[in-house]
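Trainee: If it helps, the file is called run-v2.cif and holds mmCIF, C-alpha atoms:
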data_start
#
loop_
_atom_site.label_atom_id
_atom_site.label_comp_id
_atom_site.auth_asym_id
_atom_site.auth_seq_id
_atom_site.Cartn_x
_atom_site.Cartn_y
_atom_site.Cartn_z
CA MET A 7 100.82 105.00 128.37
CA ASN A 8 102.31 102.44 126.08
CA THR A 9 100.43 100.10 123.85
CA ASP A 10 101.76 96.80 125.14
CA HIS A 11 99.84 97.07 128.41
CA TYR A 12 96.63 97.23 126.45
CA LEU A 13 97.79 94.39 124.21
CA THR A 14 98.59 92.23 127.24
CA LEU A 15 95.14 92.88 128.68
CA SER A 16 93.61 92.04 125.33
CA ALA A 17 95.59 88.80 125.13
CA LEU A 18 94.51 87.83 128.65
CA LEU A 19 90.85 88.48 127.92
CA PHE A 20 91.09 86.55 124.65
CA THR A 21 92.67 83.59 126.44
CA ILE A 22 90.01 83.58 129.15
CA GLY A 23 87.33 83.63 126.47
CA ALA A 24 88.96 80.76 124.60
CA VAL A 25 89.21 78.65 127.76
CA GLY A 26 85.58 79.43 128.51
CA VAL A 27 84.53 78.21 125.06
CA LEU A 28 86.37 74.95 125.66
CA VAL A 29 85.29 74.38 129.25
CA ARG A 30 81.67 75.45 129.49
CA ARG A 31 78.72 73.28 128.45
CA ASN A 32 75.83 75.75 128.36
CA ALA A 33 75.52 76.97 124.76
CA ILE A 34 74.64 80.52 125.85
CA VAL A 35 77.68 80.80 128.12
CA VAL A 36 79.87 79.45 125.31
CA PHE A 37 78.42 82.16 123.11
CA MET A 38 79.14 84.82 125.71
CA CYS A 39 82.75 83.66 125.84
CA VAL A 40 82.96 84.09 122.05
CA GLU A 41 81.72 87.64 122.58
CA LEU A 42 84.46 88.18 125.13
CA MET A 43 87.05 87.07 122.57
CA LEU A 44 85.62 89.47 119.98
CA ASN A 45 85.76 92.30 122.51
CA ALA A 46 89.35 91.48 123.37
CA SER A 47 90.35 91.70 119.72
CA ASN A 48 88.50 95.00 119.47
CA LEU A 49 90.61 96.35 122.31
CA ALA A 50 93.76 95.33 120.41
CA LEU A 51 92.46 97.05 117.26
CA VAL A 52 91.74 100.28 119.11
CA SER A 53 95.15 100.18 120.82
CA PHE A 54 96.94 99.70 117.50
CA SER A 55 94.88 102.50 116.00
CA ARG A 56 96.19 104.86 118.66
CA ALA A 57 99.74 103.53 118.40
CA HIS A 58 99.85 104.22 114.66
CA GLY A 59 97.90 107.46 114.77
CA GLN A 60 95.45 106.24 112.15
CA LEU A 61 91.74 105.63 112.54
CA ASP A 62 91.54 102.50 110.38
CA GLY A 63 91.77 100.34 113.48
CA GLN A 64 88.72 102.01 114.97
CA VAL A 65 86.82 101.48 111.72
CA ALA A 66 87.78 97.79 111.85
CA ALA A 67 86.58 97.57 115.46
CA PHE A 68 83.32 99.17 114.38
CA PHE A 69 82.85 96.56 111.67
CA VAL A 70 83.63 93.79 114.16
CA MET A 71 80.86 95.13 116.39
CA VAL A 72 78.37 95.16 113.51
CA VAL A 73 79.24 91.62 112.46
CA ALA A 74 79.08 90.50 116.10
CA ALA A 75 75.58 91.94 116.39
CA ALA A 76 74.43 90.00 113.32
CA GLU A 77 76.16 86.87 114.56
CA VAL A 78 74.54 87.09 118.00
CA VAL A 79 71.08 87.47 116.48
CA VAL A 80 71.41 84.38 114.31
CA GLY A 81 73.28 82.35 116.93
CA LEU A 82 70.74 82.99 119.65
CA ALA A 83 67.93 82.11 117.23
CA ILE A 84 69.69 78.81 116.55
CA ILE A 85 70.07 78.17 120.29
CA VAL A 86 66.37 78.88 120.84
CA ALA A 87 65.45 76.57 117.94
CA ILE A 88 67.62 73.77 119.36
CA PHE A 89 66.17 74.35 122.82
CA ARG A 90 62.65 74.08 121.41
CA SER A 91 63.26 70.72 119.82
CA ARG A 92 65.59 69.18 122.44
CA ARG A 93 64.57 70.93 125.69
CA SER A 94 68.21 71.56 126.53
CA ALA A 95 70.77 74.29 125.89
CA SER A 96 73.76 72.06 126.57
CA VAL A 97 76.23 71.67 123.73
CA ASP A 98 76.81 68.03 124.73
CA ASP A 99 73.22 67.08 124.04
CA ALA A 100 73.23 68.21 120.43
CA SER A 101 75.28 65.26 119.22
CA LEU A 102 72.89 63.52 116.86
CA LEU A 103 75.29 63.64 113.91
CA LYS A 104 77.69 61.41 115.85
CA TYR A 105 75.46 58.38 115.76
CA MET B 8 96.90 105.44 132.82
CA ILE B 9 94.92 105.49 136.07
CA ALA B 10 91.85 104.19 134.23
CA PHE B 11 93.86 101.29 132.86
CA TRP B 12 95.42 100.18 136.15
CA ALA B 13 92.15 100.63 137.99
CA LEU B 14 90.07 98.69 135.49
CA ALA B 15 92.38 96.04 134.04
CA PRO B 16 92.62 93.83 137.16
CA LEU B 17 88.86 94.10 137.73
CA MET B 18 88.22 93.17 134.11
CA VAL B 19 90.43 90.10 134.27
CA LEU B 20 88.81 89.04 137.55
CA ALA B 21 85.32 89.52 136.11
CA ALA B 22 86.25 87.58 132.98
CA VAL B 23 87.64 84.68 135.03
CA GLY B 24 84.53 84.78 137.18
CA MET B 25 82.39 84.69 134.05
CA VAL B 26 83.99 81.39 133.07
CA LEU B 27 83.87 79.90 136.56
CA VAL B 28 80.44 81.00 137.79
CA ARG B 29 77.79 78.29 137.47
CA LYS B 30 74.67 80.33 136.75
CA ALA B 31 74.36 81.73 133.25
CA VAL B 32 72.72 84.96 134.46
CA HIS B 33 75.73 85.74 136.66
CA SER B 34 78.00 85.12 133.68
CA ALA B 35 75.97 87.60 131.65
CA LEU B 36 76.20 90.26 134.36
CA LEU B 37 79.97 89.79 134.71
CA LEU B 38 80.30 90.05 130.94
CA ALA B 39 78.31 93.29 131.05
CA PHE B 40 80.80 94.63 133.59
CA VAL B 41 83.75 93.68 131.37
CA MET B 42 82.10 95.38 128.39
CA VAL B 43 81.42 98.62 130.25
CA CYS B 44 85.04 98.66 131.45
CA LEU B 45 86.16 98.11 127.85
CA ALA B 46 84.08 101.10 126.82
CA VAL B 47 85.90 103.22 129.40
CA LEU B 48 89.22 101.99 128.04
CA TYR B 49 88.13 102.99 124.53
CA ALA B 50 87.34 106.45 125.84
CA ALA B 51 90.78 106.56 127.44
CA GLN B 52 92.30 105.67 124.05
CA GLN B 53 90.80 108.61 122.17
CA ALA B 54 87.92 106.63 120.68
CA PRO B 55 84.80 108.41 121.97
CA PHE B 56 82.61 107.10 119.14
CA LEU B 57 83.50 103.49 119.92
CA PHE B 58 82.90 104.25 123.61
CA ALA B 59 79.30 105.14 122.81
CA VAL B 60 78.84 102.28 120.36
CA GLN B 61 80.27 99.78 122.83
CA ILE B 62 77.80 100.82 125.50
CA ILE B 63 74.79 101.18 123.21
CA VAL B 64 75.31 98.18 120.93
CA TYR B 65 77.19 95.71 123.08
CA THR B 66 76.01 96.34 126.61
CA GLY B 67 72.65 97.74 125.62
CA ALA B 68 71.52 95.55 122.76
CA ILE B 69 73.57 92.37 122.54
CA LEU B 70 73.76 91.57 126.24
CA MET B 71 70.09 92.33 126.76
CA LEU B 72 69.36 89.92 123.91
CA PHE B 73 71.43 87.34 125.78
CA LEU B 74 69.37 87.96 128.91
CA PHE B 75 66.11 87.63 126.97
CA VAL B 76 67.22 84.28 125.57
CA LEU B 77 68.35 83.17 129.02
CA MET B 78 64.84 83.84 130.29
CA LEU B 79 63.34 81.93 127.35
CA VAL B 80 65.66 78.97 127.77
CA GLY B 81 65.32 78.84 131.54
CA VAL B 82 67.27 80.70 134.16
CA ASP B 83 67.86 77.64 136.31
CA ALA B 84 69.42 75.67 133.46
CA SER B 85 72.93 75.50 134.86
CA ASP B 86 75.83 73.55 133.47
CA SER B 87 76.15 69.83 133.89
CA VAL B 88 79.33 68.78 135.65
CA VAL B 89 79.64 65.57 133.67
CA GLU B 90 82.57 65.48 131.27
CA THR B 91 81.72 63.69 128.04
CA ILE B 92 85.40 63.48 127.08
CA PRO B 93 87.48 62.43 130.10
CA GLY B 94 90.08 64.98 131.14
CA GLN B 95 88.80 67.53 128.66
CA ARG B 96 88.43 70.32 131.21
CA LEU B 97 91.98 69.88 132.52
CA ALA B 98 93.45 69.67 129.02
CA ALA B 99 91.51 72.74 127.91
CA THR B 100 92.72 74.75 130.90
CA ALA B 101 96.33 73.66 130.37
CA LEU B 102 96.18 74.52 126.67
CA GLY B 103 94.54 77.83 127.48
CA LEU B 104 97.30 78.71 129.96
CA LEU B 105 99.93 77.78 127.38
CA PHE B 106 98.20 79.86 124.73
CA GLY B 107 97.92 82.84 127.05
CA LEU B 108 101.59 82.50 128.01
CA VAL B 109 102.61 82.48 124.34
CA LEU B 110 100.48 85.52 123.58
CA VAL B 111 101.70 87.54 126.57
CA LEU B 112 105.33 86.60 125.96
CA GLY B 113 104.92 87.51 122.30
CA VAL B 114 103.59 90.93 123.24
CA ALA B 115 106.38 91.36 125.77
CA GLN B 116 109.06 90.43 123.21
CA ALA B 117 107.83 92.88 120.60
CA THR B 118 109.45 96.28 120.57
CA MET B 119 107.02 98.97 119.69
CA SER B 120 107.80 102.48 118.60
CA ALA B 121 106.39 105.21 120.77
CA SER B 122 102.65 105.64 120.44
CA VAL B 123 101.79 108.31 117.89
CA GLY B 124 98.44 109.18 119.41
CA LEU B 125 95.32 110.23 117.56
CA GLY B 126 95.63 113.97 118.15
CA ALA B 127 96.26 114.71 114.47
CA ALA B 128 93.73 112.21 113.14
CA ASN B 129 91.02 113.42 115.52
CA ARG B 130 91.63 117.08 114.78
CA ASP B 131 88.11 117.68 113.38
CA GLY B 132 86.53 115.40 115.92
CA ASN B 133 86.58 111.62 116.15
CA VAL B 134 83.13 111.13 114.65
CA ASP B 135 83.88 113.33 111.63
CA ALA B 136 87.15 111.55 110.96
CA LEU B 137 85.52 108.12 111.25
CA ALA B 138 82.70 109.19 108.94
CA THR B 139 85.21 110.37 106.34
CA LEU B 140 86.83 106.93 106.45
CA LEU B 141 83.56 104.96 106.50
CA PHE B 142 81.98 106.80 103.58
CA GLY B 143 85.29 107.13 101.74
CA PRO B 144 87.60 104.14 101.41
CA TYR B 145 85.36 101.75 103.36
CA VAL B 146 82.06 102.61 101.71
CA LEU B 147 81.71 99.23 99.98
CA ALA B 148 82.23 97.32 103.22
CA PHE B 149 79.76 99.65 104.90
CA GLU B 150 77.08 98.95 102.28
CA VAL B 151 77.69 95.21 102.43
CA THR B 152 77.20 95.46 106.19
CA SER B 153 73.65 96.65 105.65
CA ALA B 154 72.93 93.58 103.54
CA LEU B 155 74.42 91.43 106.31
CA LEU B 156 72.19 93.02 108.94
CA ILE B 157 69.04 92.52 106.86
CA THR B 158 69.98 88.90 106.19
CA ALA B 159 70.64 88.32 109.88
CA ALA B 160 67.27 89.79 110.86
CA LEU B 161 65.50 87.60 108.28
CA GLY B 162 67.44 84.54 109.40
CA ALA B 163 66.55 85.13 113.03
CA MET B 164 62.87 85.46 112.12
CA VAL B 165 62.94 82.24 110.11
CA LEU B 166 64.82 80.32 112.81
CA ALA B 167 62.79 81.57 115.75
CA HIS B 168 59.44 81.14 114.03
CA SER B 169 57.58 77.98 114.92
CA GLU B 170 54.55 76.64 113.13
CA ARG B 171 51.49 75.96 115.31
CA LEU B 172 50.75 72.26 114.86
CA THR B 173 47.65 71.99 117.02
CA PRO B 174 44.73 74.44 117.02
CA LYS B 175 44.90 77.07 119.72
CA PRO B 176 42.59 76.13 122.64
CA THR B 177 39.79 78.64 123.03
CA GLN B 178 38.45 79.81 126.38
CA ARG B 179 35.57 77.37 125.94
CA ASP B 180 37.99 74.46 125.45
CA LEU B 181 39.94 75.50 128.52
CA ALA B 182 36.80 75.66 130.65
CA ALA B 183 35.68 72.25 129.39
CA GLN B 184 39.12 70.82 130.13
CA ARG B 185 39.00 72.21 133.65
CA ILE B 186 35.63 70.60 134.33
CA ARG B 187 36.92 67.34 132.84
CA ASP B 188 39.97 67.43 135.13
CA TYR B 189 37.65 67.97 138.09
CA ALA B 190 35.47 65.03 137.04
CA ASP B 191 38.36 62.66 136.36
CA HIS B 192 40.97 63.56 138.96
CA GLY B 193 39.07 65.80 141.34
CA LYS B 194 41.38 68.73 140.57
CA HIS B 195 40.31 71.95 142.23
CA LEU B 196 38.05 73.97 139.93
CA GLY B 197 38.99 77.45 141.10
CA PRO B 198 42.25 79.33 140.75
CA LEU B 199 45.40 78.31 142.64
CA PRO B 200 45.68 79.62 146.21
CA THR B 201 47.31 83.02 146.56
CA PRO B 202 50.67 83.25 148.32
CA GLY B 203 50.54 84.05 152.01
CA VAL B 204 51.74 87.53 152.85
CA TYR B 205 52.70 88.28 156.44
CA ALA B 206 53.46 91.51 158.20
CA ARG B 207 57.15 90.63 158.50
CA HIS B 208 57.62 89.24 155.01
CA ASN B 209 55.67 90.98 152.31
CA ALA B 210 56.44 89.06 149.10
CA VAL B 211 54.99 86.52 146.72
CA ASP B 212 57.60 83.92 147.63
CA THR B 213 55.92 83.35 150.99
CA PRO B 214 53.81 80.21 150.80
CA ALA B 215 50.27 80.30 152.14
CA LEU B 216 49.55 78.27 155.26
CA LEU B 217 47.06 75.45 155.18
CA PRO B 218 44.55 75.06 158.04
CA ASP B 219 46.93 72.68 159.83
CA GLY B 220 49.75 75.26 159.70
CA SER B 221 51.79 73.67 156.95
CA PRO B 222 52.83 75.78 153.94
CA SER B 223 50.99 75.09 150.71
CA SER B 224 53.39 74.47 147.85
CA LEU B 225 50.60 75.24 145.39
CA SER B 226 50.56 78.89 146.46
CA VAL B 227 54.10 79.73 145.30
CA SER B 228 55.30 79.84 141.73
CA ARG B 229 57.14 76.69 140.75
CA SER B 230 60.03 78.60 139.20
CA LEU B 231 60.57 80.38 142.53
CA GLN B 232 60.82 77.01 144.23
CA ALA B 233 63.21 75.71 141.59
CA ARG B 234 65.40 78.77 142.05
CA GLY B 235 65.40 78.33 145.81
CA THR B 236 64.23 81.85 146.64
CA ILE B 237 61.70 80.72 149.23
CA PRO B 238 62.82 82.41 152.48
CA ALA B 239 65.02 80.25 154.69
CA ASP B 240 62.87 80.20 157.84
CA LEU B 241 59.88 79.08 155.85
CA SER B 242 61.67 76.78 153.49
CA SER B 243 63.17 74.78 156.36
CA ALA B 244 59.66 74.35 157.67
CA ALA B 245 58.54 73.72 154.13
CA VAL B 246 61.08 70.93 153.67
CA ASP B 247 59.77 69.24 156.82
CA ARG B 248 56.19 69.75 156.03
CA THR B 249 55.92 69.79 152.25
CA ALA B 250 55.20 66.09 152.36
CA THR B 251 52.38 66.55 154.82
CA ALA B 252 51.12 69.56 152.87
CA LEU B 253 51.10 67.55 149.69
CA ASP B 254 49.42 64.70 151.51
CA SER B 255 46.73 66.97 152.83
CA THR B 256 46.11 68.48 149.37
CA ASP B 257 46.07 64.96 148.02
CA SER B 258 43.51 63.92 150.58
CA HIS B 259 41.47 67.02 149.72
CA GLN B 260 41.60 65.98 146.13
CA ARG B 261 40.83 62.42 147.00
CA THR B 262 37.68 63.37 148.90
CA ALA B 263 36.72 65.60 146.00
CA ALA B 264 37.32 62.72 143.64
CA LYS B 265 35.19 60.52 145.85
CA HIS B 266 32.40 63.06 145.59
CA THR B 267 32.67 63.16 141.84
CA ASP B 268 32.80 59.36 141.66
CA ARG B 269 29.58 59.29 143.58
CA GLY B 270 28.22 61.98 141.30
CA SER B 271 29.20 60.27 138.10
CA GLY B 272 28.29 56.85 139.41
CA ARG B 273 24.63 57.37 139.24
#
Mind turning this structure into structure tokens?

Mentor:
Amino acid sequence: MNTDHYLTLSALLFTIGAVGVLVRRNAIVVFMCVELMLNASNLALVSFSRAHGQLDGQVAAFFVMVVAAAEVVVGLAIIVAIFRSRRSASVDDASLLKY
Amino acid sequence: MIAFWALAPLMVLAAVGMVLVRKAVHSALLLAFVMVCLAVLYAAQQAPFLFAVQIIVYTGAILMLFLFVLMLVGVDASDSVVETIPGQRLAATALGLLFGLVLVLGVAQATMSASVGLGAANRDGNVDALATLLFGPYVLAFEVTSALLITAALGAMVLAHSERLTPKPTQRDLAAQRIRDYADHGKHLGPLPTPGVYARHNAVDTPALLPDGSPSSLSVSRSLQARGTIPADLSSAAVDRTATALDSTDSHQRTAAKHTDRGSGR
């Protein structure tokens, strides 16, 4: 099983996540798409780790997961705080700085 | 090999569905599917520790947190279809396709040496080898991670905390308010009517029937109505007769109000 299949899958998932971030309006769904992108990069890290026969890639993927957990906690708290004050989770509505 | 070809198309389909589906809960479930499939792929790539972490941390903790927040923010809050920047959706999709094409072509162009495999590195077990790395060369990053996690937990507590601006109503206040509502608007004093439960449909989303045979919208939870889970045979009747039902409750309330007017008029 060669690595480039896994890398192609990872690239596809990353692209889908990126398009989702650009297209969707609901802040939570945008956030989930960011998670998909992080997961896709993790898959690439694990694939490279196996291709090179070294475990550093898996350690990097582990760190990405830890940072993602911290990021999700803070990001969701921000979304809840915005929802409390504006009664909406749409990223279009939080545009006060524009005016 | 089999795991990859069985899972990869499903994963891509689920990911595309996650972007396209309108309801946020469905997106979350599709993302959970993608993450579990990723865990299987990790297991297939000699990473059993990451397999467990992916399922426990990502699917178990992070996605459940997403679902909790979805319930807080409102399950029926679906996306608006209005584009604030004209043509943004089309441009984003085109750019995304281009980006994906570049990435895939880049991967296809690269020549990679044969995969070494982790047999040698995992000789003493994957977890042992990872621990040697984590507490050896990466120990500083590992310690900094703990600081990051504590900071994130504190930040979430600060952000999610909200100061109570008005005093909390006591049971006495609530009772007084209820009586006041009855006096002013003739609102029914007792609890809301219970949902009707029939022999052929035994669930709380069945509205109770009023004496004239029309369903009472007061007897079903409003979020159930907003979600559209009221059964079809009843909801069609409900659509026809909700107006009359509301009218009849209104008239009930109006007569009650009349009584109270008379009562307070003296």

Trainee: Excluding Ile22 in chain A and residues on its chain fewer than 4 positions from it, collect all residues at most 7 Å away from it, counting all atoms listed in the file, and give them as a compact mmCIF listing (two decimals) with C-alpha atoms, in the coordinates of the input.

Mentor:
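What landed in out_36.txt:
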# COMPACT_ATOMS: atom_id res chain seq x y z
CA LEU A 18 94.51 87.83 128.65
CA GLY A 26 85.58 79.43 128.51
CA ALA B 22 86.25 87.58 132.98
CA VAL B 23 87.64 84.68 135.03

Trainee: Figure out the distance between CA of Thr173 in chain B and CA of Leu161 in chain B, please, to one decimal in Å.

Mentor: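 CA of Thr173 in chain B lies 25.3 Å from CA of Leu161 in chain B.
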
Trainee: When you count all atoms listed in the file, which of these residues is closest to Phe89 in chain A: A:Ala57, A:Ala66, A:Met71, A:Ala33?

Mentor: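 Using all atoms listed in the file, the shortest distance to Phe89 in chain A belongs to A:Ala33.
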
Trainee: Give the answer as one residue: which of A:Val73, A:Gln64, A:Val78, A:Ser53 has the shortest atom-to-atom distance to Asn8 in chain A, using all atoms listed in the file?

Mentor: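 Closest to Asn8 in chain A, using all atoms listed in the file: A:Ser53.
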
Trainee: Residues of chain B were defined as contacting chain A if any atom lay at most 6 Å from it, counting only C-alpha atoms; please report them as a list in words.

Mentor: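 Filtering chain B at 6 Å from chain A with only C-alpha atoms gives Met8, Val26, Asp86, Arg96, Gly103, Gly107, Val111, Ser122, Val123, Gly124, Leu125, Leu156, Ala159, Ala163, Leu166 and Ala167 of chain B.
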
Trainee: The PyMOL selection byres ((chain B and resi 213-217) around 6) - which residues does that actually catch in the file I just gave you? List them as a PDB file with C-alpha atoms, keeping the file's coordinate frame.

Mentor:
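Result file is result.pdb:
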ATOM      1  CA  PRO B 202      50.670  83.250 148.320  1.00  0.00           C
ATOM      2  CA  GLY B 203      50.540  84.050 152.010  1.00  0.00           C
ATOM      3  CA  VAL B 211      54.990  86.520 146.720  1.00  0.00           C
ATOM      4  CA  ASP B 212      57.600  83.920 147.630  1.00  0.00           C
ATOM      5  CA  PRO B 218      44.550  75.060 158.040  1.00  0.00           C
ATOM      6  CA  ASP B 219      46.930  72.680 159.830  1.00  0.00           C
ATOM      7  CA  GLY B 220      49.750  75.260 159.700  1.00  0.00           C
ATOM      8  CA  SER B 221      51.790  73.670 156.950  1.00  0.00           C
ATOM      9  CA  PRO B 222      52.830  75.780 153.940  1.00  0.00           C
ATOM     10  CA  SER B 223      50.990  75.090 150.710  1.00  0.00           C
ATOM     11  CA  SER B 226      50.560  78.890 146.460  1.00  0.00           C
ATOM     12  CA  VAL B 227      54.100  79.730 145.300  1.00  0.00           C
TER      13      VAL B 227
END

Trainee: Could you pull the residues within 12 Å of Ile186 in chain B, counting only C-alpha atoms, minus those fewer than 6 positions along the same chain, as a compact mmCIF listing (two decimals) with C-alpha atoms, in the frame of the given file?

Mentor:
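And here is the file that came out, part.txt:
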# COMPACT_ATOMS: atom_id res chain seq x y z
CA ARG B 179 35.57 77.37 125.94
CA ASP B 180 37.99 74.46 125.45
CA HIS B 192 40.97 63.56 138.96
CA GLY B 193 39.07 65.80 141.34
CA LYS B 194 41.38 68.73 140.57
CA HIS B 195 40.31 71.95 142.23
CA LEU B 196 38.05 73.97 139.93
CA GLY B 197 38.99 77.45 141.10
CA THR B 267 32.67 63.16 141.84

Trainee: State, in Å with one decimal place, the distance from CA of Asn209 in chain B to CA of Ala233 in chain B.

Mentor: 20.1 Å

Trainee: For the structure provided, state which residues fall under the PyMOL selection byres ((chain B and resi 62) around 12), and present them as a PyMOL selection string.

Mentor: (chain A and resi 71) or (chain B and resi 39-50+55-61+63-71)

Trainee: I'd like the interatomic distance between CA of Ala98 in chain B and CA of Ser47 in chain A, to a tenth of an Å.

Mentor: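 Going from CA of Ala98 in chain B over to CA of Ser47 in chain A, I get 24.1 Å.
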
Trainee: Please reconstruct the missing atoms of range 19-31 of chain A (target: N, CA and C atoms) and return them as a compact mmCIF listing (two decimals), in the frame of the given file.

Mentor:
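Everything below was put into rebuild-v6.txt:
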# COMPACT_ATOMS: atom_id res chain seq x y z
N LEU A 19 92.30 88.64 128.08
CA LEU A 19 90.85 88.48 127.92
C LEU A 19 90.53 87.46 126.83
N PHE A 20 91.32 87.51 125.74
CA PHE A 20 91.09 86.55 124.65
C PHE A 20 91.31 85.13 125.15
N THR A 21 92.38 84.93 125.93
CA THR A 21 92.67 83.59 126.44
C THR A 21 91.55 83.09 127.35
N ILE A 22 91.09 83.99 128.24
CA ILE A 22 90.01 83.58 129.15
C ILE A 22 88.78 83.19 128.35
N GLY A 23 88.47 83.97 127.31
CA GLY A 23 87.33 83.63 126.47
C GLY A 23 87.50 82.29 125.79
N ALA A 24 88.72 82.03 125.29
CA ALA A 24 88.96 80.76 124.60
C ALA A 24 88.81 79.59 125.56
N VAL A 25 89.36 79.72 126.78
CA VAL A 25 89.21 78.65 127.76
C VAL A 25 87.74 78.44 128.10
N GLY A 26 87.01 79.55 128.21
CA GLY A 26 85.58 79.43 128.51
C GLY A 26 84.84 78.67 127.43
N VAL A 27 85.18 78.94 126.16
CA VAL A 27 84.53 78.21 125.06
C VAL A 27 84.80 76.72 125.18
N LEU A 28 86.03 76.37 125.58
CA LEU A 28 86.37 74.95 125.66
C LEU A 28 85.76 74.28 126.87
N VAL A 29 85.64 75.02 127.98
CA VAL A 29 85.29 74.38 129.25
C VAL A 29 83.80 74.33 129.49
N ARG A 30 83.08 75.38 129.10
CA ARG A 30 81.67 75.45 129.49
C ARG A 30 80.80 74.56 128.61
N ARG A 31 79.64 74.17 129.15
CA ARG A 31 78.72 73.28 128.45
C ARG A 31 77.46 73.98 127.98
